[in-house]
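Student: This one is data-v7.txt, compact mmCIF, C-alpha atoms.
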```
# COMPACT_ATOMS: atom_id res chain seq x y z
CA MET A 1 0.00 0.00 0.00
CA THR A 2 1.56 3.25 -1.04
CA ASN A 3 1.58 6.27 1.21
CA ALA A 4 2.72 8.47 -1.64
CA ASP A 5 1.55 11.98 -2.16
CA PRO A 6 -0.77 11.80 -5.20
CA GLU A 7 0.82 14.82 -6.85
CA GLN A 8 4.40 13.58 -6.64
CA PRO A 9 6.32 10.32 -6.20
CA GLY A 10 7.71 9.22 -2.84
CA PRO A 11 6.64 10.19 0.67
CA PRO A 12 4.41 13.25 1.14
CA THR A 13 6.25 16.54 1.50
CA LEU A 14 5.30 18.66 4.50
CA ARG A 15 5.91 21.98 2.77
CA ARG A 16 3.53 21.15 -0.06
CA PHE A 17 0.81 21.54 2.55
CA VAL A 18 2.24 24.05 5.04
CA SER A 19 4.68 26.91 4.43
CA ASP A 20 7.67 27.65 6.65
CA ALA A 21 5.95 30.81 7.85
CA GLU A 22 2.80 28.91 8.81
CA LEU A 23 4.80 26.24 10.63
CA ASP A 24 6.69 28.90 12.55
CA ARG A 25 3.43 30.63 13.46
CA LEU A 26 1.75 27.42 14.67
CA ILE A 27 4.73 26.35 16.77
CA ALA A 28 5.19 29.83 18.22
CA ALA A 29 1.51 29.99 19.16
CA ALA A 30 1.68 26.58 20.85
CA LYS A 31 4.79 27.58 22.78
CA ALA A 32 3.32 30.92 23.85
CA GLU A 33 0.15 29.20 25.03
CA ASP A 34 2.28 26.96 27.26
CA PHE A 35 4.83 29.51 28.48
CA GLY A 36 2.64 32.48 29.22
CA LYS A 37 4.78 35.24 30.76
CA ALA A 38 6.69 33.10 33.26
CA GLY A 39 7.88 30.17 31.16
CA ASP A 40 8.24 26.63 32.49
CA VAL A 41 8.25 27.42 36.20
CA THR A 42 8.44 23.75 37.27
CA SER A 43 11.62 22.95 35.34
CA ALA A 44 13.10 26.30 36.34
CA VAL A 45 12.93 25.38 40.02
CA MET A 46 13.51 21.62 39.71
CA ILE A 47 16.17 21.22 36.99
CA ASP A 48 19.68 22.66 37.02
CA ALA A 49 20.33 24.84 33.99
CA ASP A 50 23.42 22.88 32.93
CA ARG A 51 21.85 19.41 33.01
CA GLY A 52 21.53 17.55 29.74
CA GLY A 53 19.65 14.45 28.68
CA GLU A 54 18.12 12.33 25.94
CA ALA A 55 14.43 12.08 25.15
CA VAL A 56 12.95 9.12 23.31
CA ILE A 57 9.57 9.44 21.59
CA ALA A 58 8.08 5.97 21.22
CA ALA A 59 4.77 4.45 20.13
CA ARG A 60 2.54 2.92 22.78
CA GLU A 61 0.22 1.46 20.16
CA ALA A 62 0.44 0.47 16.51
CA GLY A 63 -0.16 3.15 13.92
CA VAL A 64 1.16 5.36 11.14
CA ILE A 65 3.44 8.26 12.01
CA ALA A 66 2.90 11.85 10.88
CA GLY A 67 4.40 15.03 12.29
CA GLY A 68 7.93 13.78 12.79
CA ALA A 69 9.06 16.18 10.09
CA MET A 70 8.07 19.02 12.45
CA LEU A 71 10.17 17.87 15.39
CA TRP A 72 13.37 19.68 14.48
CA LEU A 73 11.43 22.91 13.96
CA ILE A 74 9.73 22.51 17.32
CA ALA A 75 13.09 21.80 18.97
CA LEU A 76 14.64 24.85 17.30
CA ALA A 77 11.85 27.04 18.66
CA TYR A 78 12.88 26.04 22.19
CA ASP A 79 16.64 25.59 22.05
CA ASP A 80 19.13 25.43 19.16
CA GLY A 81 21.18 23.07 21.33
CA ILE A 82 18.67 20.24 20.85
CA THR A 83 19.47 17.63 18.21
CA VAL A 84 16.76 15.47 16.63
CA LYS A 85 17.26 12.06 15.02
CA LEU A 86 14.21 10.52 13.38
CA LYS A 87 14.01 6.74 13.56
CA VAL A 88 10.71 6.50 11.65
CA GLU A 89 9.80 8.65 8.66
CA ASP A 90 6.36 10.18 8.31
CA GLY A 91 4.06 7.74 6.53
CA GLN A 92 5.73 4.67 7.98
CA ALA A 93 3.98 2.25 10.32
CA VAL A 94 5.13 1.56 13.88
CA GLU A 95 4.38 -1.17 16.38
CA PRO A 96 4.01 -0.69 20.14
CA GLY A 97 7.39 0.19 21.60
CA GLY A 98 8.79 1.40 18.28
CA VAL A 99 11.08 4.42 18.64
CA VAL A 100 9.97 7.36 16.52
CA ALA A 101 12.72 9.85 17.37
CA LYS A 102 15.56 10.59 19.77
CA LEU A 103 16.27 14.09 21.00
CA THR A 104 19.33 15.19 22.98
CA GLY A 105 20.12 18.52 24.59
CA PRO A 106 19.49 20.69 27.66
CA LEU A 107 17.07 18.94 29.97
CA ARG A 108 15.00 22.03 30.73
CA SER A 109 14.40 22.58 27.02
CA LEU A 110 13.51 18.93 26.39
CA LEU A 111 10.93 19.06 29.16
CA ALA A 112 9.56 22.37 27.93
CA MET A 113 8.94 21.13 24.37
CA GLU A 114 7.58 17.71 25.37
CA ARG A 115 3.86 18.44 25.37
CA VAL A 116 3.81 20.63 22.27
CA ALA A 117 5.78 18.02 20.30
CA LEU A 118 3.50 15.22 21.44
CA ASN A 119 0.32 17.23 20.83
CA PHE A 120 1.25 17.74 17.18
CA CYS A 121 2.62 14.24 16.56
CA CYS A 122 -0.12 12.32 18.40
CA HIS A 123 -2.91 14.17 16.62
CA LEU A 124 -1.37 14.00 13.15
CA SER A 125 -0.38 10.35 13.58
CA GLY A 126 -3.98 9.61 14.59
CA VAL A 127 -5.21 11.16 11.33
CA ALA A 128 -2.63 9.21 9.33
CA THR A 129 -3.52 5.97 11.10
CA LEU A 130 -7.27 6.31 10.48
CA THR A 131 -6.62 7.25 6.86
CA ARG A 132 -4.49 4.15 6.35
CA ARG A 133 -7.36 1.99 7.64
CA PHE A 134 -9.70 3.47 5.04
CA VAL A 135 -7.08 3.12 2.29
CA ASP A 136 -6.47 -0.51 3.24
CA ALA A 137 -10.23 -1.15 3.30
CA VAL A 138 -10.53 -0.28 -0.42
CA ALA A 139 -7.31 -1.99 -1.53
CA GLY A 140 -7.67 -3.77 -4.85
CA THR A 141 -10.48 -1.49 -6.09
CA GLU A 142 -10.22 1.57 -8.32
CA ALA A 143 -11.37 3.92 -5.58
CA ASN A 144 -9.17 6.50 -3.86
CA ILE A 145 -9.77 7.97 -0.41
CA TYR A 146 -10.00 11.76 -0.12
CA ASP A 147 -10.11 14.15 2.80
CA THR A 148 -12.50 17.12 3.17
CA ARG A 149 -12.49 20.64 4.61
CA LYS A 150 -13.74 19.33 7.95
CA THR A 151 -10.50 20.23 9.69
CA LEU A 152 -9.57 22.03 12.90
CA PRO A 153 -9.23 25.78 12.28
CA GLY A 154 -5.59 26.66 11.69
CA LEU A 155 -4.50 23.04 11.23
CA ARG A 156 -5.88 22.29 7.77
CA GLY A 157 -2.51 22.06 6.05
CA LEU A 158 -1.04 19.81 8.71
CA GLU A 159 -4.11 17.56 8.81
CA LYS A 160 -4.14 17.20 5.03
CA TYR A 161 -0.43 16.35 5.21
CA ALA A 162 -1.28 13.65 7.75
CA VAL A 163 -3.95 12.27 5.39
CA ALA A 164 -1.31 12.05 2.68
CA CYS A 165 1.00 10.24 5.13
CA GLY A 166 -1.76 7.68 5.58
CA GLY A 167 -2.12 7.15 1.82
CA GLY A 168 -5.13 9.39 1.28
CA ARG A 169 -5.53 12.10 -1.32
CA THR A 170 -6.13 15.80 -1.07
CA HIS A 171 -9.52 17.29 -1.88
CA ARG A 172 -9.64 21.05 -2.30
CA LEU A 173 -7.48 22.93 0.19
CA GLY A 174 -10.11 25.63 0.63
CA LEU A 175 -12.75 27.66 -1.13
CA HIS A 176 -10.13 29.18 -3.41
CA ASP A 177 -8.60 26.28 -5.33
CA ALA A 178 -11.55 24.31 -6.73
CA LEU A 179 -15.14 24.83 -7.84
CA LEU A 180 -17.65 22.81 -5.82
CA ILE A 181 -21.28 23.61 -6.60
CA LYS A 182 -23.41 22.27 -3.75
CA ASP A 183 -27.16 22.13 -3.22
CA ASN A 184 -27.28 25.58 -1.63
CA HIS A 185 -25.61 27.10 -4.68
CA VAL A 186 -28.35 25.86 -7.00
CA ALA A 187 -31.30 26.32 -4.65
CA GLY A 188 -34.22 27.67 -6.66
CA LEU A 189 -32.56 26.89 -10.00
CA GLU A 190 -34.62 24.68 -12.31
CA LEU A 191 -32.99 21.34 -13.00
CA LYS A 192 -33.08 21.84 -16.75
CA ALA A 193 -31.00 25.00 -16.31
CA TRP A 194 -28.17 23.21 -14.51
CA PRO A 195 -25.88 22.39 -17.48
CA LYS A 196 -25.77 25.97 -18.75
CA ALA A 197 -25.32 27.35 -15.23
CA ILE A 198 -22.59 24.84 -14.38
CA ASN A 199 -20.64 25.52 -17.57
CA ALA A 200 -20.88 29.28 -17.00
CA ALA A 201 -19.68 28.82 -13.43
CA ILE A 202 -16.69 26.74 -14.57
CA LYS A 203 -15.68 29.43 -17.05
CA ALA A 204 -16.06 32.25 -14.53
CA ALA A 205 -14.25 30.37 -11.75
CA THR A 206 -11.33 29.59 -14.07
CA GLN A 207 -11.01 33.29 -14.76
CA LEU A 208 -10.89 33.96 -11.01
CA ASN A 209 -8.30 31.19 -10.51
CA PRO A 210 -6.58 29.92 -13.68
CA LYS A 211 -5.00 27.13 -11.62
CA LEU A 212 -8.35 25.72 -10.47
CA ALA A 213 -7.75 22.11 -9.35
CA PHE A 214 -11.10 20.75 -10.54
CA SER A 215 -14.78 21.52 -10.98
CA MET A 216 -17.43 19.50 -9.15
CA VAL A 217 -21.18 19.53 -8.68
CA GLU A 218 -23.09 17.79 -5.90
CA VAL A 219 -26.20 15.72 -6.64
CA ASP A 220 -28.54 13.86 -4.35
CA SER A 221 -30.52 11.88 -6.91
CA LEU A 222 -30.05 10.02 -10.18
CA ASP A 223 -32.28 12.58 -11.89
CA GLN A 224 -29.88 15.35 -10.89
CA LEU A 225 -26.95 13.19 -12.02
CA ALA A 226 -28.47 12.76 -15.48
CA VAL A 227 -28.59 16.52 -15.90
CA ALA A 228 -25.14 17.13 -14.38
CA LEU A 229 -23.64 14.67 -16.89
CA LYS A 230 -24.69 17.03 -19.66
CA SER A 231 -22.24 19.65 -18.36
CA SER A 232 -18.44 19.86 -18.66
CA VAL A 233 -17.83 19.32 -14.97
CA ASP A 234 -14.80 17.20 -13.90
CA VAL A 235 -16.40 15.37 -10.96
CA VAL A 236 -19.92 14.68 -9.77
CA LEU A 237 -20.34 14.30 -6.02
CA LEU A 238 -22.91 11.64 -5.12
CA ASP A 239 -24.23 12.79 -1.76
CA ASN A 240 -25.33 9.99 0.59
CA PHE A 241 -25.76 7.45 -2.23
CA LYS A 242 -26.17 3.79 -1.28
CA PRO A 243 -24.09 1.16 -3.12
CA GLU A 244 -26.95 0.14 -5.42
CA SER A 245 -27.44 3.79 -6.45
CA VAL A 246 -23.70 4.18 -6.97
CA ARG A 247 -23.81 1.24 -9.41
CA GLU A 248 -26.64 2.90 -11.34
CA ALA A 249 -24.71 6.16 -11.35
CA VAL A 250 -21.62 4.43 -12.77
CA THR A 251 -23.72 2.88 -15.53
CA MET A 252 -25.24 6.26 -16.38
CA ARG A 253 -21.83 7.92 -16.46
CA ASP A 254 -20.37 5.18 -18.65
CA GLN A 255 -23.30 5.36 -21.06
CA SER A 256 -22.88 9.13 -21.33
CA GLY A 257 -19.41 8.70 -22.76
CA LYS A 258 -18.15 11.49 -20.50
CA ARG A 259 -14.82 11.21 -18.68
CA ILE A 260 -16.35 12.42 -15.44
CA GLU A 261 -15.27 10.98 -12.09
CA LEU A 262 -17.85 9.98 -9.51
CA GLU A 263 -17.20 10.78 -5.88
CA VAL A 264 -19.21 9.34 -3.00
CA SER A 265 -19.55 11.30 0.23
CA GLY A 266 -21.73 11.41 3.30
CA GLY A 267 -21.61 9.16 6.35
CA VAL A 268 -18.90 6.87 4.97
CA THR A 269 -17.54 4.46 7.59
CA LEU A 270 -14.98 1.68 7.68
CA ASP A 271 -17.91 -0.75 7.55
CA SER A 272 -19.42 0.80 4.40
CA VAL A 273 -16.43 2.05 2.42
CA ARG A 274 -15.52 -1.26 0.76
CA GLU A 275 -18.98 -1.80 -0.68
CA LEU A 276 -19.05 1.76 -2.04
CA ALA A 277 -15.67 1.21 -3.68
CA GLU A 278 -16.74 -2.09 -5.20
CA ALA A 279 -19.87 -0.37 -6.55
CA GLY A 280 -17.56 1.63 -8.81
CA ALA A 281 -16.89 4.94 -7.06
CA ASP A 282 -13.74 6.64 -8.34
CA ARG A 283 -13.34 8.79 -5.25
CA ILE A 284 -14.63 8.46 -1.71
CA SER A 285 -14.35 11.51 0.54
CA VAL A 286 -14.41 10.95 4.29
CA GLY A 287 -14.76 13.83 6.74
CA ALA A 288 -14.04 11.50 9.63
CA LEU A 289 -10.38 11.28 8.59
CA THR A 290 -9.81 14.65 10.21
CA HIS A 291 -12.82 15.45 12.38
CA SER A 292 -13.04 12.10 14.17
CA ALA A 293 -9.52 10.68 14.25
CA LYS A 294 -8.35 9.44 17.65
CA SER A 295 -4.87 10.60 18.63
CA LEU A 296 -2.20 7.93 18.37
CA ASP A 297 -0.68 7.17 21.78
CA LEU A 298 2.93 8.30 21.69
CA GLY A 299 5.05 8.90 24.77
CA LEU A 300 8.26 10.73 25.60
CA ASP A 301 10.68 9.19 28.09
CA LEU A 302 13.79 10.93 29.42
CA ARG A 303 17.25 9.64 30.15
CA VAL A 304 19.15 12.25 32.15
CA ASP A 305 22.88 12.85 32.53
```
Represent the structure contained in this file as structure tokens.

Tutor:
Amino acid sequence: MTNADPEQPGPPTLRRFVSDAELDRLIAAAKAEDFGKAGDVTSAVMIDADRGGEAVIAAREAGVIAGGAMLWLIALAYDDGITVKLKVEDGQAVEPGGVVAKLTGPLRSLLAMERVALNFCCHLSGVATLTRRFVDAVAGTEANIYDTRKTLPGLRGLEKYAVACGGGRTHRLGLHDALLIKDNHVAGLELKAWPKAINAAIKAATQLNPKLAFSMVEVDSLDQLAVALKSSVDVVLLDNFKPESVREAVTMRDQSGKRIELEVSGGVTLDSVRELAEAGADRISVGALTHSAKSLDLGLDLRVD
């Protein structure tokens, strides 16, 4: 099972999803939230300033790692005397007890960065782990797993990176990079007017953003699909379709002769995703990848000088 970024070969690249400036901002905000005005008062009174040590981040349960690529940036934000050695690359699986990274440096600084480092890595690894389960569930079919915009505010880039680490694919990053016409956009518009309206919207949106990733329209019935297939849209989103309806939709698309992808979305679970994939869906988008992922249990243990 590949964990490759769909837009490029090899492991996903963190900076395709999050810029250096955004990473710096997120880490600085997390540190400031922890430090307040007084800093780490416990370590300041309990740990001698010249003591050094080694910290080992290890998995306490099986999963897929994401966020390790941030560790050296987090360490740098606390102390440039900390060194980071990754033992597991983002996108790789770990078993309980597996060492993810080793950090060495001033003990006060290692203790200060512990929670922020774990908060990022545990959450992102949880997203990657859940994504890998969905990807594995559709293995051998033609379907690909996609994320959604149901992300935590401020963490969208990192969460979409974690999805890529788990083998999933990136849906639109935001409202700016793709056209997605949903039911509220066509409310009150007669069905027969859809093709003309959709084509006009595609043309206008491409003028607003010449690098538009794709155009998509949402349908909630086969009747709406029949009309949408008359447009030049790239993808039709089948909202809350059951497997039998997905099969009918695939037949309709194939008979139309259009090279339009069909995406299934709405309440997709690990129990239902395989049947939807086998019904012929090209894409399956799952909001749960980001909004319902359980953090992966990682721990940090210290060895002091």

Student: Would you mind listing, for every residue of segment 112-156 of chain A within 9 Å of segment 281-303 of chain A, the two atoms forming the shortest contact and the distance between them in Å to one decimal, using all atoms listed in the file, sorted by chain and ascending residue number, as a Markdown table?

Tutor:
```
| residue | atom | partner | partner_atom | distance |
| --- | --- | --- | --- | --- |
| A:Glu114 | CA | A:Leu300 | CA | 7.0 |
| A:Arg115 | CA | A:Leu300 | CA | 8.9 |
| A:Leu118 | CA | A:Leu298 | CA | 6.9 |
| A:Asn119 | CA | A:Ser295 | CA | 8.7 |
| A:Cys121 | CA | A:Leu298 | CA | 7.9 |
| A:Cys122 | CA | A:Leu296 | CA | 4.9 |
| A:His123 | CA | A:Ser295 | CA | 4.5 |
| A:Leu124 | CA | A:Ser295 | CA | 7.3 |
| A:Ser125 | CA | A:Leu296 | CA | 5.7 |
| A:Gly126 | CA | A:Ser295 | CA | 4.3 |
| A:Val127 | CA | A:Ala293 | CA | 5.2 |
| A:Ala128 | CA | A:Leu289 | CA | 8.1 |
| A:Thr129 | CA | A:Leu296 | CA | 7.6 |
| A:Leu130 | CA | A:Leu289 | CA | 6.2 |
| A:Thr131 | CA | A:Leu289 | CA | 5.8 |
| A:Phe134 | CA | A:Leu289 | CA | 8.6 |
| A:Glu142 | CA | A:Asp282 | CA | 6.2 |
| A:Ala143 | CA | A:Asp282 | CA | 4.5 |
| A:Asn144 | CA | A:Arg283 | CA | 5.0 |
| A:Ile145 | CA | A:Ile284 | CA | 5.1 |
| A:Tyr146 | CA | A:Ser285 | CA | 4.4 |
| A:Asp147 | CA | A:Ser285 | CA | 5.5 |
| A:Thr148 | CA | A:Gly287 | CA | 5.4 |
| A:Arg149 | CA | A:Gly287 | CA | 7.5 |
| A:Lys150 | CA | A:Gly287 | CA | 5.7 |
| A:Thr151 | CA | A:Thr290 | CA | 5.6 |
| A:Leu152 | CA | A:His291 | CA | 7.4 |
| A:Arg156 | CA | A:Thr290 | CA | 8.9 |
```

Student: May I have the residues within 8 Å of Ile260 of chain A as a list in words, using all atoms listed in the file and disregarding those fewer than 5 positions away in the same chain?

Tutor: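 Residues meeting the cut-off are Leu229, Val233, Asp234, Val235, Val236 and Arg253 of chain A.
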
Student: What lies within 7 Å of segment 200-213 of chain A using all atoms listed in the file, ignoring chain neighbours under 5 positions off, as a ChimeraX atom specification?

Tutor: /A:177-179

Student: What separation in Å, quoted to one decimal, exists between atom CA of Asp79 of chain A and atom CA of Ser109 of chain A?

Tutor: 6.2 Å

Student: For Leu14 of chain A, work out the shell of residues within 10 Å, counting only C-alpha atoms and skipping chain neighbours fewer than 4 positions away, then give it as number ranges by chain.

Tutor: A: 18-20, 23, 66-70, 90, 157-158, 160-162, 164-165

Student: Using all atoms listed in the file, which of A:Met216, A:Asn184, A:Ala137, A:Val56 sits nearest Arg172 of chain A?

Tutor: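 For Arg172 of chain A, the nearest of the given residues is A:Met216.
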
Student: One number please: atom CA of Gly154 of chain A to atom CA of Ala29 of chain A, in Å, one decimal.

Tutor: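 Interatomic distance here is 10.8 Å.
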
Student: With distances taken over only C-alpha atoms, which residue among A:Val88, A:Ala93, A:Val186, A:Ala21 lies nearest Leu73 of chain A?

Tutor: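 Among the listed residues, A:Ala21 lies closest to Leu73 of chain A.
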
Student: What does the structure give for the distance between atom CA of Gly188 of chain A and atom CA of Leu238 of chain A, in Å to one decimal?

Tutor: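 The value is 19.7 Å.
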
Student: Could you pull out every residue with an atom within 10 Å of (11.8, 22.4, 15.6), file coordinates, counting all atoms listed in the file, and send them as a list in words?

Tutor: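 Counting all atoms listed in the file, I find these residues within 10 Å of (11.8, 22.4, 15.6): Leu23, Asp24, Ile27, Gly68, Ala69, Met70, Leu71, Trp72, Leu73, Ile74, Ala75, Leu76, Ala77, Tyr78, Asp79, Asp80, Ile82, Thr83, Val84, Met113 and Ala117 of chain A.
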
Student: Just want the 12 Å neighbourhood of Ala49 of chain A, counted on only C-alpha atoms, with same-chain residues fewer than 6 positions away dropped. Output as a PDB file with C-alpha atoms, keeping the file's coordinate frame.

Tutor:
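To be explicit, this is the file written out as around_27.pdb:
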```pdb
ATOM      1  CA  SER A  43      11.620  22.950  35.340  1.00  0.00           C
ATOM      2  CA  GLY A 105      20.120  18.520  24.590  1.00  0.00           C
ATOM      3  CA  PRO A 106      19.490  20.690  27.660  1.00  0.00           C
ATOM      4  CA  LEU A 107      17.070  18.940  29.970  1.00  0.00           C
ATOM      5  CA  ARG A 108      15.000  22.030  30.730  1.00  0.00           C
ATOM      6  CA  SER A 109      14.400  22.580  27.020  1.00  0.00           C
ATOM      7  CA  LEU A 110      13.510  18.930  26.390  1.00  0.00           C
TER       8      LEU A 110
END
```

Student: Which residue out of A:Glu218, A:Asp48, A:Glu89, A:Asp239 has the minimum interatomic distance to Val268 of chain A when all atoms listed in the file are used?

Tutor: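 Ranked by minimum distance to Val268 of chain A, first place goes to A:Asp239.
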
Student: Do you know which residues are at most 10 Å from segment 244-247 of chain A counting all atoms listed in the file, after dropping those on the same chain fewer than 2 positions away, and could you put them as a list in words?

Tutor: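 After dropping sequence-adjacent residues, the list is Ser221, Leu222, Leu238, Asn240, Phe241, Lys242, Ala249, Val250, Thr251, Met252, Arg253, Leu262, Glu263, Val264, Glu275, Leu276, Ala277, Glu278, Ala279, Gly280 and Ala281 of chain A.
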
Student: Pull C-alpha atoms from the residues just selected and write them as an mmCIF file, in the frame of the given file.

Tutor:
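Final file, out.cif:
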```cif
data_model
loop_
_atom_site.group_PDB
_atom_site.id
_atom_site.type_symbol
_atom_site.label_atom_id
_atom_site.label_comp_id
_atom_site.auth_asym_id
_atom_site.auth_seq_id
_atom_site.Cartn_x
_atom_site.Cartn_y
_atom_site.Cartn_z
ATOM 1 C CA SER A 221 -30.520 11.880 -6.910
ATOM 2 C CA LEU A 222 -30.050 10.020 -10.180
ATOM 3 C CA LEU A 238 -22.910 11.640 -5.120
ATOM 4 C CA ASN A 240 -25.330 9.990 0.590
ATOM 5 C CA PHE A 241 -25.760 7.450 -2.230
ATOM 6 C CA LYS A 242 -26.170 3.790 -1.280
ATOM 7 C CA ALA A 249 -24.710 6.160 -11.350
ATOM 8 C CA VAL A 250 -21.620 4.430 -12.770
ATOM 9 C CA THR A 251 -23.720 2.880 -15.530
ATOM 10 C CA MET A 252 -25.240 6.260 -16.380
ATOM 11 C CA ARG A 253 -21.830 7.920 -16.460
ATOM 12 C CA LEU A 262 -17.850 9.980 -9.510
ATOM 13 C CA GLU A 263 -17.200 10.780 -5.880
ATOM 14 C CA VAL A 264 -19.210 9.340 -3.000
ATOM 15 C CA GLU A 275 -18.980 -1.800 -0.680
ATOM 16 C CA LEU A 276 -19.050 1.760 -2.040
ATOM 17 C CA ALA A 277 -15.670 1.210 -3.680
ATOM 18 C CA GLU A 278 -16.740 -2.090 -5.200
ATOM 19 C CA ALA A 279 -19.870 -0.370 -6.550
ATOM 20 C CA GLY A 280 -17.560 1.630 -8.810
ATOM 21 C CA ALA A 281 -16.890 4.940 -7.060
#
```

Student: Between A:Lys182, A:Lys37, A:Arg274, A:Lys87, which has the minimum distance to Ala58 of chain A (counting all atoms listed in the file)?

Tutor: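 That would be A:Lys87, the residue with the smallest distance to Ala58 of chain A.
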
Student: Can you fill out segment 260-267 of chain A with all heavy atoms and hand it back as a tab-separated table (two decimals), in the coordinates of the input?

Tutor:
```
chain	number	residue	atom	x	y	z
A	260	ILE	N	-16.04	11.73	-16.69
A	260	ILE	CA	-16.35	12.42	-15.44
A	260	ILE	C	-16.18	11.42	-14.29
A	260	ILE	O	-16.69	10.31	-14.34
A	260	ILE	CB	-17.80	12.96	-15.46
A	260	ILE	CG1	-17.92	14.09	-16.49
A	260	ILE	CG2	-18.21	13.46	-14.08
A	260	ILE	CD1	-19.34	14.60	-16.67
A	261	GLU	N	-15.45	11.84	-13.26
A	261	GLU	CA	-15.27	10.98	-12.09
A	261	GLU	C	-16.47	11.09	-11.17
A	261	GLU	O	-17.11	12.15	-11.10
A	261	GLU	CB	-13.99	11.34	-11.34
A	261	GLU	CG	-12.72	10.98	-12.07
A	261	GLU	CD	-11.50	11.09	-11.17
A	261	GLU	OE1	-11.30	12.17	-10.57
A	261	GLU	OE2	-10.76	10.10	-11.06
A	262	LEU	N	-16.75	10.01	-10.48
A	262	LEU	CA	-17.85	9.98	-9.51
A	262	LEU	C	-17.27	9.85	-8.11
A	262	LEU	O	-16.50	8.94	-7.83
A	262	LEU	CB	-18.79	8.82	-9.81
A	262	LEU	CG	-19.51	8.86	-11.16
A	262	LEU	CD1	-20.39	7.64	-11.34
A	262	LEU	CD2	-20.33	10.14	-11.31
A	263	GLU	N	-17.67	10.78	-7.26
A	263	GLU	CA	-17.20	10.78	-5.88
A	263	GLU	C	-18.37	10.53	-4.95
A	263	GLU	O	-19.44	11.13	-5.10
A	263	GLU	CB	-16.55	12.12	-5.54
A	263	GLU	CG	-16.11	12.23	-4.09
A	263	GLU	CD	-15.38	13.53	-3.81
A	263	GLU	OE1	-14.58	13.97	-4.67
A	263	GLU	OE2	-15.61	14.12	-2.74
A	264	VAL	N	-18.18	9.64	-3.99
A	264	VAL	CA	-19.21	9.34	-3.00
A	264	VAL	C	-18.83	10.01	-1.69
A	264	VAL	O	-17.66	9.96	-1.27
A	264	VAL	CB	-19.36	7.82	-2.79
A	264	VAL	CG1	-20.40	7.54	-1.71
A	264	VAL	CG2	-19.77	7.15	-4.10
A	265	SER	N	-19.80	10.64	-1.04
A	265	SER	CA	-19.55	11.30	0.23
A	265	SER	C	-20.80	11.25	1.08
A	265	SER	O	-21.91	11.09	0.57
A	265	SER	CB	-19.13	12.76	0.00
A	265	SER	OG	-18.77	13.39	1.20
A	266	GLY	N	-20.59	11.35	2.38
A	266	GLY	CA	-21.73	11.41	3.30
A	266	GLY	C	-21.86	10.17	4.15
A	266	GLY	O	-22.32	9.14	3.68
A	267	GLY	N	-21.44	10.26	5.40
A	267	GLY	CA	-21.61	9.16	6.35
A	267	GLY	C	-20.81	7.91	6.04
A	267	GLY	O	-21.20	6.82	6.47
```
